[in-house]
Amino acid sequence: MDSRLPWPQYFMKIAFLVAERSTCLRRKVGAVAVKDRRILATGYNGAPSGLAHCLDIGCLREKLKVPSGERHELCRALHAEQNVIVQAARHGGSIEGATIYCTTQPCVICTKMLINVGVQAIYFAQSYPDDFSREMIAESGIVFEELPLACG
């Protein structure tokens, strides 16, 4: 019997490690794009390259008292899933047909982007208060499953 960590848990643990680079004060999120058991790109939530991070200047969403799951445009950071897409594009790679492992369920904005780039599956460890995201993903036919992970 193979006692090694199964592939889905392996990639989810990597997503949690990626999340440790996050500069968000509210929620650290990591994402990994995988195809044929190979990592294509990683991303975490944080400000665009070269701009000040919330760690350094504070959180606009906290200052404005924006509830979680609302008004995503009122944030300095890109989401982890957005950064996966950006990193793949920046380095000339396609994530079409990839599986995405996220520490947190993608919001509706990231969900729409992941649908359009053609991912085949999205696994997440923690849910997020965004029912519209779940509705869109169900309509898309993309595999969408919670994969809880006890890190430690």
# chains A, B, ... in the order shown; residues from 1 in each chain; ligands from 1
>>> residues_around(residues="stretch 13-19 of chain A", least_positions_apart="2", cutoff="7 Å", atoms="only C-alpha atoms", output="list in words")
Gln9, Tyr10, Phe11, Arg21, Ser22, Lys28, Val29, Gly30, Ala31, Val32, Gly43, Tyr44, Tyr101, Cys102 and Thr103 of chain A
>>> select_by_dssp(residues="stretch 9-150 of chain A", states="helix (DSSP H, G or I)", output="ChimeraX atom specification")
/A:9-19,54-57,60-64,80-90,108-117,131-140
>>> select_by_dssp(residues="stretch 26-57 of chain A", states="strand (DSSP E or B)", output="mmCIF file with N, CA and C atoms, in the first residue's frame")
data_model
loop_
_atom_site.group_PDB
_atom_site.id
_atom_site.type_symbol
_atom_site.label_atom_id
_atom_site.label_comp_id
_atom_site.auth_asym_id
_atom_site.auth_seq_id
_atom_site.Cartn_x
_atom_site.Cartn_y
_atom_site.Cartn_z
ATOM 1 N N GLY A 30 -3.988 31.204 -0.894
ATOM 2 C CA GLY A 30 -3.032 30.703 -1.873
ATOM 3 C C GLY A 30 -3.758 29.870 -2.903
ATOM 4 N N ALA A 31 -3.192 29.833 -4.116
ATOM 5 C CA ALA A 31 -3.773 29.034 -5.193
ATOM 6 C C ALA A 31 -2.647 28.436 -6.034
ATOM 7 N N VAL A 32 -2.916 27.243 -6.567
ATOM 8 C CA VAL A 32 -1.946 26.521 -7.392
ATOM 9 C C VAL A 32 -2.687 25.977 -8.609
ATOM 10 N N ALA A 33 -2.125 26.213 -9.788
ATOM 11 C CA ALA A 33 -2.666 25.638 -11.031
ATOM 12 C C ALA A 33 -1.814 24.425 -11.383
ATOM 13 N N VAL A 34 -2.486 23.296 -11.607
ATOM 14 C CA VAL A 34 -1.802 22.026 -11.829
ATOM 15 C C VAL A 34 -2.361 21.339 -13.068
ATOM 16 N N LYS A 35 -1.472 20.769 -13.864
ATOM 17 C CA LYS A 35 -1.898 19.963 -15.014
ATOM 18 C C LYS A 35 -0.933 18.793 -15.146
ATOM 19 N N ARG A 38 1.757 18.477 -12.571
ATOM 20 C CA ARG A 38 2.857 19.459 -12.607
ATOM 21 C C ARG A 38 2.300 20.837 -12.286
ATOM 22 N N ILE A 39 2.995 21.580 -11.461
ATOM 23 C CA ILE A 39 2.570 22.930 -11.098
ATOM 24 C C ILE A 39 2.885 23.873 -12.256
ATOM 25 N N LEU A 40 1.843 24.569 -12.730
ATOM 26 C CA LEU A 40 1.993 25.524 -13.830
ATOM 27 C C LEU A 40 2.209 26.948 -13.314
ATOM 28 N N ALA A 41 1.527 27.297 -12.235
ATOM 29 C CA ALA A 41 1.632 28.647 -11.670
ATOM 30 C C ALA A 41 1.093 28.623 -10.247
ATOM 31 N N THR A 42 1.545 29.591 -9.464
ATOM 32 C CA THR A 42 1.028 29.774 -8.112
ATOM 33 C C THR A 42 0.634 31.234 -7.947
ATOM 34 N N GLY A 43 -0.194 31.505 -6.955
ATOM 35 C CA GLY A 43 -0.578 32.885 -6.675
ATOM 36 C C GLY A 43 -1.060 33.021 -5.246
ATOM 37 N N TYR A 44 -0.879 34.205 -4.713
ATOM 38 C CA TYR A 44 -1.396 34.541 -3.383
ATOM 39 C C TYR A 44 -1.979 35.928 -3.465
ATOM 40 N N GLY A 46 -2.358 39.738 -2.806
ATOM 41 C CA GLY A 46 -1.480 40.844 -2.461
ATOM 42 C C GLY A 46 -1.565 41.941 -3.496
#
>>> closest_residue(among="A:Asn45, A:Ser94, A:Asn83, A:Gln120", to="A:Leu25", atoms="only C-alpha atoms")
A:Asn45
>>> residues_around(residues="A:Asp130", least_positions_apart="2", cutoff="7 Å", atoms="only C-alpha atoms", output="list in words")
Gly69, Cys107, Val108, Tyr128, Phe132, Ser133 and Arg134 of chain A
>>> closest_residue(among="A:Glu146, A:Asp131, A:Asp56, A:Asp36", to="A:Thr104", atoms="only C-alpha atoms")
A:Glu146
>>> atom_distance(atom1="atom CA of A:Ala138", atom2="atom CA of A:Glu81")
18.1 Å
>>> atom_distance(atom1="atom CA of A:Ile137", atom2="atom CA of A:Gly93")
23.3 Å
>>> closest_residue(among="A:Gln126, A:Gln82, A:Ser68, A:Thr111", to="A:Met12", atoms="only C-alpha atoms")
A:Gln126
>>> atom_distance(atom1="atom CA of A:Thr99", atom2="atom CA of A:Pro129")
21.9 Å
>>> closest_atom_pairs(of="stretch 72-115 of chain A", to="stretch 58-65 of chain A", cutoff="10 Å", atoms="only C-alpha atoms", output="tab-separated table")
residue	atom	partner	partner_atom	distance
A:His72	CA	A:Arg61	CA	8.9
A:Glu73	CA	A:Arg61	CA	9.7
A:Leu74	CA	A:Arg61	CA	6.4
A:Cys75	CA	A:Arg61	CA	6.2
A:Arg76	CA	A:Leu60	CA	7.5
A:Ala77	CA	A:Cys59	CA	9.7
>>> write_last_selection(atoms="N, CA and C atoms", output="tab-separated table (two decimals), in the first residue's frame")
chain	number	residue	atom	x	y	z
A	72	HIS	N	-15.56	43.67	-3.83
A	72	HIS	CA	-14.18	43.22	-4.07
A	72	HIS	C	-13.31	44.30	-4.72
A	73	GLU	N	-13.93	45.23	-5.42
A	73	GLU	CA	-13.15	46.28	-6.09
A	73	GLU	C	-12.52	47.25	-5.09
A	74	LEU	N	-13.00	47.25	-3.85
A	74	LEU	CA	-12.44	48.13	-2.83
A	74	LEU	C	-11.34	47.43	-2.06
A	75	CYS	N	-10.28	47.10	-2.79
A	75	CYS	CA	-9.15	46.38	-2.20
A	75	CYS	C	-7.92	46.62	-3.07
A	76	ARG	N	-6.78	46.79	-2.45
A	76	ARG	CA	-5.52	46.97	-3.19
A	76	ARG	C	-5.07	45.68	-3.84
A	77	ALA	N	-5.46	44.57	-3.25
A	77	ALA	CA	-4.90	43.27	-3.65
A	77	ALA	C	-5.62	42.63	-4.83
